[in-house]
$ cat final.txt   # compact mmCIF, C-alpha atoms
# COMPACT_ATOMS: atom_id res chain seq x y z
CA MET A 126 1.58 -9.30 -10.51
CA THR A 127 -0.98 -7.99 -8.08
CA THR A 128 -3.63 -5.46 -8.92
CA ALA A 129 -1.82 -2.83 -6.87
CA MET A 130 1.44 -3.28 -8.76
CA THR A 131 -0.46 -3.24 -12.05
CA CYS A 132 -1.93 0.13 -11.08
CA ILE A 133 1.55 1.50 -10.38
CA VAL A 134 2.80 0.29 -13.75
CA ILE A 135 -0.20 1.85 -15.50
CA ALA A 136 0.35 5.15 -13.67
CA PHE A 137 3.99 5.17 -14.78
CA GLY A 138 2.84 4.35 -18.30
CA LEU A 139 0.70 7.48 -18.24
CA ILE A 140 3.80 9.54 -17.54
CA VAL A 141 5.61 7.95 -20.47
CA ALA A 142 2.63 8.35 -22.79
CA THR A 143 2.11 12.03 -21.97
CA ARG A 144 5.86 12.69 -22.36
CA LEU A 145 5.76 11.19 -25.85
CA MET A 146 2.76 13.36 -26.67
CA LEU A 147 4.64 16.40 -25.34
CA LEU A 148 7.65 15.59 -27.53
CA ASN A 149 5.31 15.41 -30.51
CA GLU A 150 3.89 18.83 -29.66
CA GLN A 151 7.42 20.24 -29.26
CA ARG A 152 8.29 18.99 -32.73
CA SER A 153 5.33 20.95 -34.08
CA LEU A 154 7.18 24.12 -32.98
CA GLY A 155 10.15 23.17 -35.13
CA SER A 156 12.92 21.25 -33.42
CA VAL A 157 13.07 19.98 -29.85
CA ASP A 158 15.15 22.27 -27.63
CA ASN A 159 16.96 19.88 -25.29
CA ALA A 160 19.02 22.65 -23.72
CA ARG A 161 16.01 24.68 -22.50
CA PRO A 162 12.81 22.66 -22.90
CA ARG A 163 10.79 24.75 -20.44
CA ARG A 164 11.34 27.85 -22.53
CA GLN A 165 9.95 25.96 -25.52
CA TRP A 166 7.08 24.56 -23.45
CA ARG A 167 5.94 28.10 -22.60
CA ARG A 168 5.34 28.69 -26.33
CA LEU A 169 2.87 25.80 -26.58
CA LYS A 170 -0.75 26.80 -27.17
CA GLY A 171 -4.02 24.89 -27.30
CA ARG A 172 -3.54 21.12 -27.34
CA GLY A 173 0.17 21.43 -26.58
CA ALA A 174 -0.51 23.43 -23.42
CA ARG A 175 -3.07 20.85 -22.28
CA VAL A 176 -0.61 18.01 -22.91
CA LEU A 177 2.02 19.87 -20.88
CA GLU A 178 -0.39 20.27 -17.96
CA THR A 179 -1.35 16.59 -18.16
CA TYR A 180 2.32 15.57 -18.17
CA SER A 181 3.06 17.79 -15.17
CA ASP A 182 0.05 16.44 -13.26
CA ALA A 183 1.03 12.84 -13.98
CA ARG A 184 4.60 13.41 -12.77
CA GLU A 185 3.50 15.23 -9.63
CA ALA A 186 0.90 12.64 -8.66
CA PHE A 187 2.94 9.50 -9.32
CA ALA A 188 5.20 9.44 -6.24
CA PRO A 189 2.45 9.96 -3.63
CA PHE A 190 0.23 7.47 -5.45
CA ALA A 191 2.94 4.81 -5.64
CA ALA A 192 3.86 5.37 -1.99
CA ALA A 193 0.23 5.05 -0.89
CA VAL A 194 -0.23 1.85 -2.87
CA TRP A 195 3.00 0.40 -1.50
CA ILE A 196 2.09 1.29 2.09
CA SER A 197 -1.36 -0.24 1.68
CA GLN A 198 0.26 -3.48 0.54
CA ILE A 199 2.68 -3.79 3.46
CA GLY A 200 0.27 -2.52 6.10

$ encode --input "final.txt" --output "structure tokens"
Amino acid sequence: MTTAMTCIVIAFGLIVATRLMLLNEQRSLGSVDNARPRRQWRRLKGRGARVLETYSDAREAFAPFAAAVWISQIG
């Protein structure tokens, strides 16, 4: 596996890791609300709110990052 592909896998791993951390923070509020998770996410404070922002940033940045890496490899 090339360095570029390794970077894409690591970036995806960051999404998975922050999602697991977010699930842990949701459990601290009681149970996980699968029907309306965003409503529950709005109640997160402190560390939970920071984890939510990190998860959102990782998801938003992944597609452009992966596309840029892929284009750099074929170009």

$ atom_distance --input "final.txt" --atom1 "CA of Trp195 (chain A)" --atom2 "CA of Ala129 (chain A)"
7.9 Å

$ closest_residue --input "final.txt" --among "A:Ile135, A:Ala160, A:Ile199, A:Met146" --to "Arg175 (chain A)" --atoms "all atoms listed in the file"
A:Met146

$ closest_residue --input "final.txt" --among "A:Gly155, A:Phe187, A:Val194, A:Gly200" --to "Thr127 (chain A)" --atoms "all atoms listed in the file"
A:Val194

$ residues_around --input "final.txt" --residues "region 178-182 of chain A" --least-positions-apart "6" --cutoff "7 Å" --atoms "only C-alpha atoms" --output "list in words"
Ile140, Thr143 and Arg144 of chain A

$ residues_around --input "final.txt" --residues "Met130 (chain A)" --least-positions-apart "2" --cutoff "12 Å" --atoms "all atoms listed in the file" --output "PyMOL selection string"
chain A and resi 126-128+132-137+190-198

$ write_last_selection --input "final.txt" --atoms "C-alpha atoms" --output "PDB file, in the frame of the given file"
ATOM      1  CA  MET A 126       1.580  -9.300 -10.510  1.00  0.00           C
ATOM      2  CA  THR A 127      -0.980  -7.990  -8.080  1.00  0.00           C
ATOM      3  CA  THR A 128      -3.630  -5.460  -8.920  1.00  0.00           C
ATOM      4  CA  CYS A 132      -1.930   0.130 -11.080  1.00  0.00           C
ATOM      5  CA  ILE A 133       1.550   1.500 -10.380  1.00  0.00           C
ATOM      6  CA  VAL A 134       2.800   0.290 -13.750  1.00  0.00           C
ATOM      7  CA  ILE A 135      -0.200   1.850 -15.500  1.00  0.00           C
ATOM      8  CA  ALA A 136       0.350   5.150 -13.670  1.00  0.00           C
ATOM      9  CA  PHE A 137       3.990   5.170 -14.780  1.00  0.00           C
ATOM     10  CA  PHE A 190       0.230   7.470  -5.450  1.00  0.00           C
ATOM     11  CA  ALA A 191       2.940   4.810  -5.640  1.00  0.00           C
ATOM     12  CA  ALA A 192       3.860   5.370  -1.990  1.00  0.00           C
ATOM     13  CA  ALA A 193       0.230   5.050  -0.890  1.00  0.00           C
ATOM     14  CA  VAL A 194      -0.230   1.850  -2.870  1.00  0.00           C
ATOM     15  CA  TRP A 195       3.000   0.400  -1.500  1.00  0.00           C
ATOM     16  CA  ILE A 196       2.090   1.290   2.090  1.00  0.00           C
ATOM     17  CA  SER A 197      -1.360  -0.240   1.680  1.00  0.00           C
ATOM     18  CA  GLN A 198       0.260  -3.480   0.540  1.00  0.00           C
TER      19      GLN A 198
END

$ build_atoms --input "final.txt" --residues "region 174-193 of chain A" --atoms "N, CA, C and O atoms" --output "PDB file, in the coordinates of the input"
ATOM      1  N   ALA A 174      -0.463  22.947 -24.805  1.00  0.00           N
ATOM      2  CA  ALA A 174      -0.510  23.430 -23.420  1.00  0.00           C
ATOM      3  C   ALA A 174      -1.253  22.444 -22.532  1.00  0.00           C
ATOM      4  O   ALA A 174      -0.856  22.205 -21.392  1.00  0.00           O
ATOM      5  N   ARG A 175      -2.322  21.839 -23.055  1.00  0.00           N
ATOM      6  CA  ARG A 175      -3.070  20.850 -22.280  1.00  0.00           C
ATOM      7  C   ARG A 175      -2.235  19.587 -22.045  1.00  0.00           C
ATOM      8  O   ARG A 175      -2.261  19.013 -20.956  1.00  0.00           O
ATOM      9  N   VAL A 176      -1.482  19.179 -23.062  1.00  0.00           N
ATOM     10  CA  VAL A 176      -0.610  18.010 -22.910  1.00  0.00           C
ATOM     11  C   VAL A 176       0.469  18.300 -21.867  1.00  0.00           C
ATOM     12  O   VAL A 176       0.787  17.441 -21.037  1.00  0.00           O
ATOM     13  N   LEU A 177       1.015  19.488 -21.871  1.00  0.00           N
ATOM     14  CA  LEU A 177       2.020  19.870 -20.880  1.00  0.00           C
ATOM     15  C   LEU A 177       1.450  19.802 -19.466  1.00  0.00           C
ATOM     16  O   LEU A 177       2.088  19.274 -18.551  1.00  0.00           O
ATOM     17  N   GLU A 178       0.247  20.321 -19.281  1.00  0.00           N
ATOM     18  CA  GLU A 178      -0.390  20.270 -17.960  1.00  0.00           C
ATOM     19  C   GLU A 178      -0.654  18.822 -17.530  1.00  0.00           C
ATOM     20  O   GLU A 178      -0.459  18.470 -16.368  1.00  0.00           O
ATOM     21  N   THR A 179      -1.085  17.986 -18.465  1.00  0.00           N
ATOM     22  CA  THR A 179      -1.350  16.590 -18.160  1.00  0.00           C
ATOM     23  C   THR A 179      -0.058  15.880 -17.763  1.00  0.00           C
ATOM     24  O   THR A 179      -0.026  15.100 -16.800  1.00  0.00           O
ATOM     25  N   TYR A 180       1.028  16.160 -18.487  1.00  0.00           N
ATOM     26  CA  TYR A 180       2.320  15.570 -18.170  1.00  0.00           C
ATOM     27  C   TYR A 180       2.780  16.009 -16.775  1.00  0.00           C
ATOM     28  O   TYR A 180       3.232  15.183 -15.974  1.00  0.00           O
ATOM     29  N   SER A 181       2.649  17.283 -16.486  1.00  0.00           N
ATOM     30  CA  SER A 181       3.060  17.790 -15.170  1.00  0.00           C
ATOM     31  C   SER A 181       2.227  17.163 -14.058  1.00  0.00           C
ATOM     32  O   SER A 181       2.769  16.762 -13.017  1.00  0.00           O
ATOM     33  N   ASP A 182       0.925  17.058 -14.267  1.00  0.00           N
ATOM     34  CA  ASP A 182       0.050  16.440 -13.260  1.00  0.00           C
ATOM     35  C   ASP A 182       0.409  14.974 -13.033  1.00  0.00           C
ATOM     36  O   ASP A 182       0.435  14.510 -11.890  1.00  0.00           O
ATOM     37  N   ALA A 183       0.691  14.254 -14.108  1.00  0.00           N
ATOM     38  CA  ALA A 183       1.030  12.840 -13.980  1.00  0.00           C
ATOM     39  C   ALA A 183       2.329  12.660 -13.202  1.00  0.00           C
ATOM     40  O   ALA A 183       2.431  11.781 -12.335  1.00  0.00           O
ATOM     41  N   ARG A 184       3.320  13.497 -13.487  1.00  0.00           N
ATOM     42  CA  ARG A 184       4.600  13.410 -12.770  1.00  0.00           C
ATOM     43  C   ARG A 184       4.439  13.759 -11.295  1.00  0.00           C
ATOM     44  O   ARG A 184       5.021  13.108 -10.429  1.00  0.00           O
ATOM     45  N   GLU A 185       3.670  14.796 -11.018  1.00  0.00           N
ATOM     46  CA  GLU A 185       3.500  15.230  -9.630  1.00  0.00           C
ATOM     47  C   GLU A 185       2.715  14.221  -8.802  1.00  0.00           C
ATOM     48  O   GLU A 185       2.971  14.070  -7.607  1.00  0.00           O
ATOM     49  N   ALA A 186       1.774  13.549  -9.403  1.00  0.00           N
ATOM     50  CA  ALA A 186       0.900  12.640  -8.660  1.00  0.00           C
ATOM     51  C   ALA A 186       1.475  11.240  -8.507  1.00  0.00           C
ATOM     52  O   ALA A 186       1.019  10.481  -7.646  1.00  0.00           O
ATOM     53  N   PHE A 187       2.468  10.886  -9.319  1.00  0.00           N
ATOM     54  CA  PHE A 187       2.940   9.500  -9.320  1.00  0.00           C
ATOM     55  C   PHE A 187       3.567   9.081  -7.993  1.00  0.00           C
ATOM     56  O   PHE A 187       3.229   8.021  -7.454  1.00  0.00           O
ATOM     57  N   ALA A 188       4.488   9.853  -7.464  1.00  0.00           N
ATOM     58  CA  ALA A 188       5.200   9.440  -6.240  1.00  0.00           C
ATOM     59  C   ALA A 188       4.257   9.243  -5.056  1.00  0.00           C
ATOM     60  O   ALA A 188       4.322   8.196  -4.388  1.00  0.00           O
ATOM     61  N   PRO A 189       3.368  10.204  -4.752  1.00  0.00           N
ATOM     62  CA  PRO A 189       2.450   9.960  -3.630  1.00  0.00           C
ATOM     63  C   PRO A 189       1.519   8.765  -3.881  1.00  0.00           C
ATOM     64  O   PRO A 189       1.224   7.998  -2.959  1.00  0.00           O
ATOM     65  N   PHE A 190       1.096   8.597  -5.119  1.00  0.00           N
ATOM     66  CA  PHE A 190       0.230   7.470  -5.450  1.00  0.00           C
ATOM     67  C   PHE A 190       0.963   6.143  -5.245  1.00  0.00           C
ATOM     68  O   PHE A 190       0.439   5.225  -4.603  1.00  0.00           O
ATOM     69  N   ALA A 191       2.173   6.045  -5.775  1.00  0.00           N
ATOM     70  CA  ALA A 191       2.940   4.810  -5.640  1.00  0.00           C
ATOM     71  C   ALA A 191       3.251   4.517  -4.180  1.00  0.00           C
ATOM     72  O   ALA A 191       3.172   3.364  -3.739  1.00  0.00           O
ATOM     73  N   ALA A 192       3.582   5.565  -3.422  1.00  0.00           N
ATOM     74  CA  ALA A 192       3.860   5.370  -1.990  1.00  0.00           C
ATOM     75  C   ALA A 192       2.611   4.886  -1.262  1.00  0.00           C
ATOM     76  O   ALA A 192       2.697   3.988  -0.413  1.00  0.00           O
ATOM     77  N   ALA A 193       1.471   5.463  -1.554  1.00  0.00           N
ATOM     78  CA  ALA A 193       0.230   5.050  -0.890  1.00  0.00           C
ATOM     79  C   ALA A 193      -0.121   3.611  -1.228  1.00  0.00           C
ATOM     80  O   ALA A 193      -0.542   2.842  -0.346  1.00  0.00           O
TER      81      ALA A 193
END
